[in-house]
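What follows is start-v9.json (JSON, C-alpha atoms).
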[["chain", "number", "residue", "atom", "x", "y", "z"],
["A", 1, "MET", "CA", 0.00, 0.00, 0.00],
["A", 2, "HIS", "CA", 1.36, 3.40, -0.94],
["A", 3, "SER", "CA", 0.53, 6.49, 1.05],
["A", 4, "SER", "CA", 1.67, 10.05, 0.53],
["A", 5, "PHE", "CA", 3.04, 9.87, 4.08],
["A", 6, "MET", "CA", 5.36, 6.98, 3.26],
["A", 7, "LEU", "CA", 8.68, 7.72, 1.61],
["A", 8, "PRO", "CA", 10.84, 5.10, -0.04],
["A", 9, "PRO", "CA", 13.57, 3.73, 2.22],
["A", 10, "ASN", "CA", 16.90, 5.55, 1.87],
["A", 11, "THR", "CA", 15.19, 8.84, 0.97],
["A", 12, "PRO", "CA", 17.64, 11.70, 1.65],
["A", 13, "TYR", "CA", 16.78, 13.73, 4.71],
["A", 14, "ARG", "CA", 17.98, 16.60, 6.82],
["A", 15, "THR", "CA", 17.95, 16.72, 10.57],
["A", 16, "CYS", "CA", 16.30, 19.73, 12.08],
["A", 17, "PRO", "CA", 17.74, 21.42, 15.17],
["A", 18, "SER", "CA", 15.22, 22.15, 17.89],
["A", 19, "SER", "CA", 14.77, 25.75, 18.90],
["A", 20, "LYS", "CA", 15.67, 24.62, 22.43],
["A", 21, "GLY", "CA", 18.89, 22.99, 21.25],
["A", 22, "ALA", "CA", 17.80, 19.44, 22.13],
["A", 23, "ASN", "CA", 18.61, 18.14, 18.65],
["A", 24, "ASP", "CA", 22.27, 18.69, 17.81],
["A", 25, "GLY", "CA", 21.82, 17.58, 14.19],
["A", 26, "ASN", "CA", 23.59, 14.27, 14.81],
["A", 27, "HIS", "CA", 20.47, 12.17, 15.24],
["A", 28, "PRO", "CA", 16.99, 11.90, 13.72],
["A", 29, "ILE", "CA", 14.23, 14.36, 14.50],
["A", 30, "ARG", "CA", 12.48, 12.96, 17.57],
["A", 31, "ALA", "CA", 8.69, 13.01, 17.25],
["A", 32, "ALA", "CA", 5.79, 12.52, 19.61],
["A", 33, "ILE", "CA", 2.41, 11.42, 18.29],
["A", 34, "ILE", "CA", -0.52, 13.30, 19.83],
["A", 35, "GLY", "CA", -3.74, 11.35, 19.29],
["A", 36, "GLY", "CA", -4.12, 7.59, 19.35],
["A", 37, "GLY", "CA", -6.85, 7.01, 16.79],
["A", 38, "ALA", "CA", -6.72, 4.47, 13.97],
["A", 39, "ILE", "CA", -4.29, 6.52, 11.84],
["A", 40, "SER", "CA", -1.74, 6.58, 14.65],
["A", 41, "ASP", "CA", -0.73, 2.99, 13.83],
["A", 42, "ALA", "CA", 0.39, 4.04, 10.34],
["A", 43, "TYR", "CA", 2.41, 6.93, 11.77],
["A", 44, "LEU", "CA", 3.95, 4.85, 14.54],
["A", 45, "THR", "CA", 4.84, 2.01, 12.17],
["A", 46, "ASN", "CA", 6.56, 4.43, 9.79],
["A", 47, "LEU", "CA", 8.22, 6.53, 12.47],
["A", 48, "THR", "CA", 9.61, 3.60, 14.42],
["A", 49, "SER", "CA", 10.88, 1.45, 11.56],
["A", 50, "ARG", "CA", 10.88, 3.09, 8.14],
["A", 51, "PHE", "CA", 12.56, 6.49, 8.22],
["A", 52, "LYS", "CA", 16.16, 7.40, 9.01],
["A", 53, "GLY", "CA", 15.72, 11.13, 9.57],
["A", 54, "ILE", "CA", 12.76, 11.07, 11.94],
["A", 55, "THR", "CA", 11.71, 8.66, 14.65],
["A", 56, "ALA", "CA", 8.83, 8.40, 17.11],
["A", 57, "ILE", "CA", 9.95, 8.46, 20.73],
["A", 58, "ALA", "CA", 6.63, 9.07, 22.51],
["A", 59, "CYS", "CA", 2.87, 9.09, 22.13],
["A", 60, "THR", "CA", -0.09, 10.45, 24.00],
["A", 61, "ASP", "CA", -3.87, 10.22, 23.94],
["A", 62, "LEU", "CA", -6.61, 11.37, 26.28],
["A", 63, "ASP", "CA", -7.37, 7.67, 26.72],
["A", 64, "GLU", "CA", -4.35, 6.78, 28.89],
["A", 65, "PRO", "CA", -4.68, 2.98, 28.55],
["A", 66, "LYS", "CA", -4.71, 3.39, 24.75],
["A", 67, "SER", "CA", -1.60, 5.57, 24.95],
["A", 68, "ARG", "CA", 0.21, 3.05, 27.16],
["A", 69, "ALA", "CA", -0.76, 0.17, 24.85],
["A", 70, "GLN", "CA", 0.53, 2.04, 21.77],
["A", 71, "ALA", "CA", 3.75, 2.93, 23.56],
["A", 72, "GLU", "CA", 4.34, -0.68, 24.58],
["A", 73, "ARG", "CA", 3.51, -1.98, 21.09],
["A", 74, "TYR", "CA", 6.01, 0.38, 19.40],
["A", 75, "GLY", "CA", 8.70, 0.49, 22.08],
["A", 76, "ILE", "CA", 8.30, 4.18, 22.87],
["A", 77, "ARG", "CA", 7.23, 6.23, 25.90],
["A", 78, "ALA", "CA", 3.63, 7.05, 26.86],
["A", 79, "LEU", "CA", 3.46, 10.64, 28.07],
["A", 80, "SER", "CA", 0.75, 13.12, 28.96],
["A", 81, "VAL", "CA", 0.20, 15.97, 26.51],
["A", 82, "GLU", "CA", 1.85, 18.32, 29.01],
["A", 83, "GLN", "CA", 4.87, 16.03, 29.28],
["A", 84, "VAL", "CA", 5.20, 15.96, 25.48],
["A", 85, "PHE", "CA", 5.31, 19.76, 25.37],
["A", 86, "GLU", "CA", 7.77, 20.01, 28.28],
["A", 87, "ASP", "CA", 10.11, 17.19, 27.18],
["A", 88, "PRO", "CA", 13.29, 18.66, 25.68],
["A", 89, "THR", "CA", 13.98, 15.42, 23.78],
["A", 90, "VAL", "CA", 10.80, 15.88, 21.70],
["A", 91, "ASP", "CA", 11.66, 17.97, 18.66],
["A", 92, "MET", "CA", 8.36, 17.67, 16.80],
["A", 93, "VAL", "CA", 4.76, 16.64, 17.36],
["A", 94, "ALA", "CA", 2.51, 14.93, 14.83],
["A", 95, "ASN", "CA", -0.95, 16.27, 15.60],
["A", 96, "LEU", "CA", -3.42, 13.44, 14.99],
["A", 97, "THR", "CA", -6.18, 14.87, 17.17],
["A", 98, "PRO", "CA", -9.78, 15.51, 16.03],
["A", 99, "PRO", "CA", -10.16, 18.76, 14.04],
["A", 100, "ALA", "CA", -11.74, 20.66, 16.93],
["A", 101, "ALA", "CA", -8.52, 20.21, 18.96],
["A", 102, "HIS", "CA", -6.03, 21.11, 16.20],
["A", 103, "ALA", "CA", -5.66, 24.83, 16.89],
["A", 104, "THR", "CA", -5.12, 24.34, 20.61],
["A", 105, "VAL", "CA", -2.58, 21.53, 20.17],
["A", 106, "ILE", "CA", -0.70, 23.38, 17.42],
["A", 107, "ARG", "CA", -0.58, 26.62, 19.43],
["A", 108, "GLN", "CA", 0.67, 24.87, 22.57],
["A", 109, "ALA", "CA", 3.30, 22.91, 20.66],
["A", 110, "LEU", "CA", 4.62, 26.03, 18.95],
["A", 111, "GLU", "CA", 4.64, 27.95, 22.24],
["A", 112, "HIS", "CA", 6.87, 25.18, 23.63],
["A", 113, "GLY", "CA", 9.27, 25.42, 20.69],
["A", 114, "LYS", "CA", 8.17, 22.20, 18.99],
["A", 115, "HIS", "CA", 7.92, 21.68, 15.25],
["A", 116, "VAL", "CA", 4.42, 20.57, 14.22],
["A", 117, "PHE", "CA", 3.06, 18.24, 11.56],
["A", 118, "SER", "CA", -0.67, 18.22, 10.92],
["A", 119, "GLU", "CA", -2.49, 16.72, 7.95],
["A", 120, "TYR", "CA", -5.52, 18.93, 8.31],
["A", 121, "SER", "CA", -6.38, 22.58, 8.79],
["A", 122, "PRO", "CA", -5.32, 24.06, 12.10],
["A", 123, "SER", "CA", -8.85, 25.31, 12.81],
["A", 124, "LEU", "CA", -12.47, 24.71, 11.92],
["A", 125, "SER", "CA", -12.95, 28.47, 11.44],
["A", 126, "GLN", "CA", -10.93, 31.30, 9.97],
["A", 127, "THR", "CA", -10.70, 33.00, 13.35],
["A", 128, "LEU", "CA", -8.33, 31.61, 15.94],
["A", 129, "GLN", "CA", -9.39, 32.48, 19.44],
["A", 130, "SER", "CA", -7.07, 32.72, 22.43],
["A", 131, "ASP", "CA", -7.47, 30.13, 25.15]]
Take the structure in this file and express it as structure tokens.
Amino acid sequence: MHSSFMLPPNTPYRTCPSSKGANDGNHPIRAAIIGGGAISDAYLTNLTSRFKGITAIACTDLDEPKSRAQAERYGIRALSVEQVFEDPTVDMVANLTPPAAHATVIRQALEHGKHVFSEYSPSLSQTLQSD
């Protein structure tokens, strides 16, 4: 199965230094998955075994048992959302939350100096409101 998210093995990549200096450019970008829905398996499979330049190191979901089960299955850490944002080893978050949560998660991640990947629009409206 081919997906636009999947790159061929051995695809050239660049490492991306974190704004907090956690990534020194000598290792892959370290990602945390936020949201444990069905699509998270595709991301976790790819980010734990397929790519050289980026790797999943943590996951989180509001359903803590689901988060712990995903973490155990993929050999990564289960963290709370707050821990993901505070963890200096997390360079980037993949926002897999429902659309209504996108703006909040993206804003918080950026405020904590994280890079953000999101497949969908950051907001359901054109106006972003402050929390």
Just checking: using all atoms listed in the file, which residue out of A:Asn95, A:Ser49, A:Ser40, A:Thr55 ends up closest to A:Leu110?
A:Asn95
Around the point (10.5, 16.7, 15.9), in the coordinates given by the file, pick out the residues reaching within 7 Å, counting all atoms listed in the file, and return them as a ChimeraX atom specification.
/A:29-31,90-93,114-115
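Between atom CA of A:Ala109 and atom CA of A:Glu82 there is a distance of 9.6 Å.
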Would you mind telling me which residue in A:Ala69, A:Tyr74, A:Glu64, A:Pro99 lies nearest to A:Thr45 when using all atoms listed in the file?
A:Tyr74
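As for atom CA of A:Gly37 and atom CA of A:Thr97, they are spaced 7.9 Å apart.
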Would you mind listing what lies within 12 Å of A:Arg73 as a PDB file with C-alpha atoms, in the frame of the given file, with only C-alpha atoms counted and same-chain residues fewer than 5 positions away left out?
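Output (selection-v5.pdb):
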ATOM      1  CA  SER A  40      -1.740   6.580  14.650  1.00  0.00           C
ATOM      2  CA  ASP A  41      -0.730   2.990  13.830  1.00  0.00           C
ATOM      3  CA  LEU A  44       3.950   4.850  14.540  1.00  0.00           C
ATOM      4  CA  THR A  45       4.840   2.010  12.170  1.00  0.00           C
ATOM      5  CA  THR A  48       9.610   3.600  14.420  1.00  0.00           C
ATOM      6  CA  ALA A  58       6.630   9.070  22.510  1.00  0.00           C
ATOM      7  CA  CYS A  59       2.870   9.090  22.130  1.00  0.00           C
ATOM      8  CA  LYS A  66      -4.710   3.390  24.750  1.00  0.00           C
ATOM      9  CA  SER A  67      -1.600   5.570  24.950  1.00  0.00           C
ATOM     10  CA  ARG A  68       0.210   3.050  27.160  1.00  0.00           C
ATOM     11  CA  ALA A  78       3.630   7.050  26.860  1.00  0.00           C
TER      12      ALA A  78
END
Quick one: distance from atom CA of A:Leu96 to atom CA of A:Pro65 in Å, one decimal?
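Pair atom CA of A:Leu96 / atom CA of A:Pro65 returns 17.2 Å.
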Using all atoms listed in the file, which of A:Leu62, A:Ile57, A:Ala103, A:Val84 sits nearest A:Gly36?
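That would be A:Leu62, the residue with the smallest distance to A:Gly36.
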Padding of 8 Å on every side, edges along x, y and z, all listed atoms of stretch 103-112 of chain A included: what centre and edge lengths in Å, to one decimal, does that box have, as AutoDock Vina command-line options?
--center_x 0.6 --center_y 24.7 --center_z 20.3 --size_x 28.5 --size_y 22.4 --size_z 22.7
